[in-house]
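A short write-up of the structure that comes next.
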Amino acid sequence: MLHFLRRRLLASLLTLFGITTITFALARVVPSDPAVVYIGPLARPAEIARVTKELGLDRPLYEQYVSYLGNLFQGDWGTSLATKQPVLGGIAARLPATLELILLAMTLAVAVGIPLGVFAAYRKGHLPDAGARVGSVVGISMPVFWLGLLLQVLFAEWLQLLPAIGRLSLETEVLDPITKITGFYLIDSLVTGDWAGFRDAASHLVLPTITLAAYPAALITRMTRAAMLDVLGQDYVRTARTFGLSERLVLWRLALRNAMPTTLTVSGLSLAYLVTGSFFVEIVFNWPGIGQYSTSALLNLDYPAIMGITLLGATVFLVINLAVDLLQAKLDPRVRLQ
Amino acid sequence: MRSRWKLSTPLVAIAVALVIVTVGSASTARHNSSTALLRVATTAGVTTWDPIKSFSTEVLYMANIYEPLVYANPPGSSKPFRAGLATNWGRSKDGKTWTFTLRQGVKFHNGERLTAQAVKDSIDTAAKRGGASFIWSPLASVTTPNDYTVVFNLSYAAPMTLIAASENGAWIVCPEALKAAAADPAYFESGKACGTGPYKLKSYSSGKQVVLEQNKDYWGGWTDKQFSNVVFQITPEAIVQQQALQSGQVDIAGTVPVENIAKLGKDSRFRVTRDASSLNYLGFFNTTRPPLDNVLVRRALAYAIPYKDIVTVGAGGYGTQSRSAVPKGVFPYSDSTPQFTQNLTKAKALLAQAGHKGGGFSLDLTYAAENSAEGRFAPLIKDAFKKIGVTVNIKSLLFNQQWTLAKADPKAAQDIFLLLYWPTYSDAGSDNLWSLFHSSKKPFFNLSYMKSPLYDKLVDGAGELTATDKKGAQATYEKAMVSLHGAAAGFYLYDADAVFVSSRSVKTDGALNINYPFVQFIYPMQQVG
C-alpha cells in the first residue's frame, strides 16, 4: 500500500511538472502580448515597453520559466495580469464558492442517481424503469447551459420563486453580509446562527445545484441500473431470496454493495466532470467561483492565472483518481494495489 | 416474496429541503425593497485600482469615485465644458499656458484638502507613469502660484481642457495615496481608492463585486432621492444580466443582448436609457499587398459592404452609420464627410476597372472573438463580398492575438481587420484620425499600414491648430477625412449608442455622456417614488 502510494505520488509530481511546462510553453507561444493584457488595449508603445520591462517580459523565456518554477515552490503562483492580484489568492477566494456548488451537486446526484438506478433495476420493464431511463437520457443529453437558462426562466422570471444569479442577494451582501469563516455560506450562516443568511444562500444554490447535478445524476442512474441488473441475475442473489432474506436486505446490502464498484467509478468520473461542468454553470448563474475566474483568464490570455488554474485542475484530477483507486481496493477485494 | 418498495429517505429529504428553500426565497424576495441601494449588473471588470495606471473598463468605477479638473459636455450643451474640481480656466493666446482655478473647500475621501499641489502631484504622476501618460505629452511643467491656482506650461499648443477632461489619466488623487503608491506599486490593488468624487469605494471582491458608498462630504451635496449605496455585480454575460433584471435582482443591466432591448423597452417595468457614444466600429484594408494595394479594389469592397444591415445586426439598430473614423458628436466630426453606401453595381464596375472582373480572389478577415457585435456582423461582410465574387475567410481571434499578429508583419498579416475604437479623450482628430491612419515606422493602430504624406501633413497641421484655432483645425481635419475616403484604406461601419436597461424605479437622466463612453454616472440618478 505504502509502496503504491509513493509511486503514485511520484508519478503525480512528474505529471504536474510536465503539465506546468507544457502550459507555460503554450501560453507563451500564443501570439499575444502580456504587457497589453496588463496595461489595457489602448496603451501606446512607450507605456507597453515600460510595462514589458517592469514585468520582466523582456527576459529570455527559459529565465522566466525558471523564475516561475522557483516562485511556485515558494508558494508564489504569480500575479494575474488582468486583476493585478496574486493568482493563489484569487483562486483561494473563489474556491469555496465552487466547492460548495460541486459538493452539493455531487450529493444530489448520488442521492438521486443511486436510488433511482436501484429502483429502475428492481422494476425492470415497468413504468418506473422507463421513466428513469428517459430521465437519464434527457439528463445526459441536455446541454448544461440550456438547462440552466430554462430553470432561470421558469423559477426566477415566471414564477419569481428563486433567484436567477449569484450566491446571495445583493442586499444581504451589502447591508447584512454573512460572517465568513470557511467561505461555504451554508456552513458559515449555520455556525453563526444567521438564518436569514442561510435561507438566502440556500435559495441561491437550488437552481445551479440542480443544473450541475443533472448530468452526473443521469449517468449514475444508468450505470447503477446496469450494474444492479447484472448483480440481481447472479446465483447468490437468487439463493439469498430463497433463504427468505428481506427484499430490502437483498437489494441494499447484498446487491448494491456488489454493484458499488461500477457506481463508484462513475461517481469519481462525475466528480471530475463537475469540476469542468461547473464552468458553464458558473457563467449562466454568475456564480463567483473558479469557473468564472478561468473564463476571464482565458479570454484575457492572462497566462499566470491560466497556469494557476491548470495546476489546480490537474491536481484535483490526480487526487480524485487516486482516491477512487483506493476506494475501489477497499470495496472490492479482487482489486490489488500494486 | 417481494416486499413493498419504499422511497429512500434521501429523496424525501431533498424534496423537503427544496420546499424549505423555496419558502425561504420568498421571504428573501420580500427583503428586496431597500430604497437607498442601487444594484447594477455590469460587464466592467477591474484591471487595476490605481487611478494613475487605469486605462480599461474600471473607468466605470473611477468616474464615480474620482473627478477631473473639468468635464466635457455632450454636444448641444451651451458650453463645451463644465466645472469639475476647477471652477475657472483660461489659456494664453499661443495656447501654451493654461490656468485652472480650483474649487475651494473640497476634501478627498481621507479628509485631505484639495490644493494646487495635490493637483500638480496627480498630473505629474500621470504624465510619468500613467497608463494613458501620452495624453500629457504636450506638458512641460505644472506650477502652483497659490493654493488654488494650477498653471500648465506646454511645450506646444494643445487643447488642455479636452485633455484635463479625459476619461483616462486625468483623475485627481489624494496626496497620501499617491505617496503610498510611489512606495508600493501594488498599494491600490487590494481595493483602495481616494478621490474627491460623490462615492467612496466601500469594498471590492475581485471579479465579482464593487460596492460604493456615499461620500457625505461631497461638495455637490445630496438629496434624499439619490442613492447612498451602489453595488456593481460583475456579470460578464449579457443574457445573464437580463435574467437578473427580469427577476428583480438588479435595478440596472448595463449590457443586455441588443436583440432584446426593444422588447424590454416595451415592458412597463423597465426603462431603456440611450445616448450617443464615441465607440466606433471600423475595418482596415491591408494596403501593402495585392489586390488591396489597388485603391480601386478597396473602393469596390467599400461599396459592397451592407452598412444598414450591419447597424441592424451588430447594434440591434442602436447605432448610426459612421462617416469616418470620427464618431458623430465628437470633434472633428462633420456631416459633410463623404460616406460609402452599399452599391453592388458600382462595386462590380470598380472591380472590373481594377482588372478583377467578377472578383475571383479571397481575403482573410479577422475580428475580436470577445466582441459579440463583430461576431454578428462579420458574416454579413462575407455574404456581401460573395455577391461580387470575392471570398472571405473569417478568423475569430482574441483581440490581443488579433492585434499582435496584425502588428507583426503587414505583408503576412490579415487582409481585413475589424476594430472597435474610441478616443481616449474627446478629440478624435489627434486620437482616432492620427492613431488609426497616420503613418508610422512600426504598425500600431494603423492596421491599414497606409503611408500617405498628404494625409499625415493634414492631420499634423490640424493637431497644431486645435488649441488656438479650432475652426481652422476642423477645416483641416475635414480635408484629411475626405482624403481618407478617397484612399479607402478603411471602411467605417457604425457609431454604437450607449444603451442600458433599468427598472422604472430609477430615474437615469444625466447618467450618460458621449465623452465618457464606458461610464454610467450614478450621482445624477434618482429613486422614483
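Labeling convention for the C-alpha cells: chains A, B, ... as they appear, residues from 1 per chain, ligands from 1 in order of appearance.
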Could you please tell me, as an MDAnalysis selection string, which residues of chain A have an atom within 7 Å of chain B when using only C-alpha atoms?
chainID A and resid 31:33 39:40 43 47 82:85 111:112 115 156:157 160:165 171 199:200 202:203 247 284 286 288 299
Spatial neighbours of Arg238 in chain A, 12 Å, only C-alpha atoms, chain gap at least 6 places, as a PyMOL selection string
(chain A and resi 231-232+244-245+247+250-251+254-255) or (chain B and resi 1)
I'd like the contact shell of Ala116 in chain B - 8 Å cut-off, only C-alpha atoms, skipping same-chain residues fewer than 3 positions apart - returned as a PyMOL selection string.
chain B and resi 102+119-120+144+146-150
Written file, previous selection with C-alpha atoms, as an mmCIF file, in the first residue's frame:
```cif
data_model
loop_
_atom_site.group_PDB
_atom_site.id
_atom_site.type_symbol
_atom_site.label_atom_id
_atom_site.label_comp_id
_atom_site.auth_asym_id
_atom_site.auth_seq_id
_atom_site.Cartn_x
_atom_site.Cartn_y
_atom_site.Cartn_z
ATOM 1 C CA LEU B 102 -9.612 75.236 -8.174
ATOM 2 C CA VAL B 119 -3.405 68.525 -8.472
ATOM 3 C CA LYS B 120 0.190 69.028 -9.590
ATOM 4 C CA THR B 144 1.241 76.330 -8.437
ATOM 5 C CA ASN B 146 -1.027 79.691 -4.889
ATOM 6 C CA ASP B 147 -3.131 77.040 -3.143
ATOM 7 C CA TYR B 148 -5.978 77.275 -5.631
ATOM 8 C CA THR B 149 -4.282 78.021 -8.940
ATOM 9 C CA VAL B 150 -2.629 75.493 -11.215
#
```
CA of Phe100 in chain B to CA of Asn153 in chain B, distance in Å rounded to a single decimal:
11.6 Å
Distance query range 136-146 of chain A at most 7 Å, only C-alpha atoms, self and fewer than 5 positions along chain excluded, as a PyMOL selection string
chain A and resi 211-212+214-215+218-219+221-222+280-281+284
Can you list, as number ranges by chain, every residue of range 44-236 of chain B that DSSP puts in strand (DSSP E)?
B: 70-72, 81-83, 86-91, 97-102, 139-146, 149-154, 199-205, 209-214, 229-234
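Going from CA of Ile416 in chain B over to CA of Leu365 in chain B, you cover 4.5 Å.
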Shell around Asp497 in chain B at 6 Å using only C-alpha atoms, local window under 2 positions removed, as a list in words:
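The neighbour list is Asp275, Ala276, Ser277, Tyr318 and Gly319 of chain B.
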Take the residues from that selection and put them in a file with N, CA and C atoms, as a PDB file, in the first residue's frame.
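Below is the file selection_37.pdb, written as the result:
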```
ATOM      1  N   ASP B 275     -28.031  56.902 -25.438  1.00  0.00           N
ATOM      2  CA  ASP B 275     -27.383  58.143 -25.851  1.00  0.00           C
ATOM      3  C   ASP B 275     -26.287  57.776 -26.851  1.00  0.00           C
ATOM      4  N   ALA B 276     -25.818  58.797 -27.564  1.00  0.00           N
ATOM      5  CA  ALA B 276     -24.721  58.530 -28.493  1.00  0.00           C
ATOM      6  C   ALA B 276     -23.475  58.187 -27.682  1.00  0.00           C
ATOM      7  N   SER B 277     -22.571  57.434 -28.285  1.00  0.00           N
ATOM      8  CA  SER B 277     -21.291  57.169 -27.608  1.00  0.00           C
ATOM      9  C   SER B 277     -20.166  57.375 -28.619  1.00  0.00           C
ATOM     10  N   TYR B 318     -29.235  50.166 -32.580  1.00  0.00           N
ATOM     11  CA  TYR B 318     -28.786  51.216 -31.650  1.00  0.00           C
ATOM     12  C   TYR B 318     -27.417  51.733 -32.092  1.00  0.00           C
ATOM     13  N   GLY B 319     -27.422  52.402 -33.224  1.00  0.00           N
ATOM     14  CA  GLY B 319     -26.180  52.947 -33.757  1.00  0.00           C
ATOM     15  C   GLY B 319     -26.469  53.732 -35.014  1.00  0.00           C
TER      16      GLY B 319
END
```
Work out how far apart CA of Val87 in chain A and CA of Ile22 in chain A are and give it in Å to one decimal.
18.7 Å
Quick one: DSSP alpha helix (DSSP H) residues in range 32-130 of chain B, as a list of chain:residue names?
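For range 32-130 of chain B, the alpha helix (DSSP H) set is B:Val59, B:Leu60, B:Tyr61, B:Met62, B:Ala63, B:Asn64, B:Ile65, B:Ala116, B:Gln117, B:Ala118, B:Val119, B:Lys120, B:Asp121, B:Ser122, B:Ile123, B:Asp124, B:Thr125, B:Ala126, B:Ala127, B:Lys128, B:Arg129.
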Pick from B:Ala63, B:Ile388, B:Ala36, B:Leu282, whichever lies nearest to Val174 in chain A using only C-alpha atoms
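So, comparing all the options, the nearest one is B:Ala36.
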Can you tell me, as a PyMOL selection string, what residues are no more than 12 Å from Pro138 in chain B when counting only C-alpha atoms, ignoring any on the same chain fewer than 6 positions away?
chain B and resi 95-98+127+152-160+163+463-464+467
Save the residues we just selected, N, CA and C atoms, as a CSV table (one decimal), in the first residue's frame?
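Dumped everything to selection_12.csv:
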```
chain,number,residue,atom,x,y,z
B,95,GLY,N,-1.8,79.4,-26.7
B,95,GLY,CA,-2.3,78.1,-26.3
B,95,GLY,C,-1.3,77.2,-25.6
B,96,LYS,N,-0.2,77.9,-25.1
B,96,LYS,CA,0.9,77.1,-24.4
B,96,LYS,C,0.8,77.2,-22.9
B,97,THR,N,0.0,78.1,-22.4
B,97,THR,CA,-0.1,78.3,-20.9
B,97,THR,C,-1.6,78.2,-20.6
B,98,TRP,N,-1.9,77.3,-19.7
B,98,TRP,CA,-3.3,77.1,-19.3
B,98,TRP,C,-3.4,77.3,-17.8
B,127,ALA,N,1.6,61.8,-15.9
B,127,ALA,CA,2.4,62.1,-17.0
B,127,ALA,C,3.6,61.2,-17.0
B,152,PHE,N,-0.6,75.1,-16.2
B,152,PHE,CA,0.1,74.1,-17.1
B,152,PHE,C,0.9,74.8,-18.2
B,153,ASN,N,2.2,74.5,-18.2
B,153,ASN,CA,3.0,75.1,-19.2
B,153,ASN,C,3.3,74.0,-20.2
B,154,LEU,N,3.0,74.3,-21.5
B,154,LEU,CA,3.1,73.3,-22.5
B,154,LEU,C,4.3,73.6,-23.4
B,155,SER,N,4.8,72.5,-24.0
B,155,SER,CA,5.9,72.7,-25.0
B,155,SER,C,5.4,73.0,-26.4
B,156,TYR,N,4.1,72.7,-26.6
B,156,TYR,CA,3.5,73.1,-27.8
B,156,TYR,C,2.0,73.3,-27.5
B,157,ALA,N,1.3,74.1,-28.4
B,157,ALA,CA,-0.1,74.4,-28.1
B,157,ALA,C,-0.9,73.1,-28.1
B,158,ALA,N,-1.8,72.9,-27.2
B,158,ALA,CA,-2.6,71.7,-27.1
B,158,ALA,C,-3.9,72.1,-26.4
B,159,PRO,N,-5.0,71.4,-26.7
B,159,PRO,CA,-6.3,71.7,-26.0
B,159,PRO,C,-6.4,71.1,-24.6
B,160,MET,N,-5.8,71.8,-23.7
B,160,MET,CA,-5.6,71.3,-22.3
B,160,MET,C,-7.0,71.0,-21.6
B,163,ILE,N,-7.9,67.6,-22.7
B,163,ILE,CA,-7.1,66.6,-22.1
B,163,ILE,C,-7.4,66.5,-20.6
B,463,GLY,N,-3.7,69.1,-35.9
B,463,GLY,CA,-3.5,68.9,-34.5
B,463,GLY,C,-2.8,70.1,-33.8
B,464,GLU,N,-2.0,70.8,-34.6
B,464,GLU,CA,-1.3,72.0,-34.0
B,464,GLU,C,-2.3,73.2,-33.8
B,467,ALA,N,-5.8,73.8,-30.4
B,467,ALA,CA,-5.8,74.6,-29.1
B,467,ALA,C,-6.1,76.1,-29.4
```
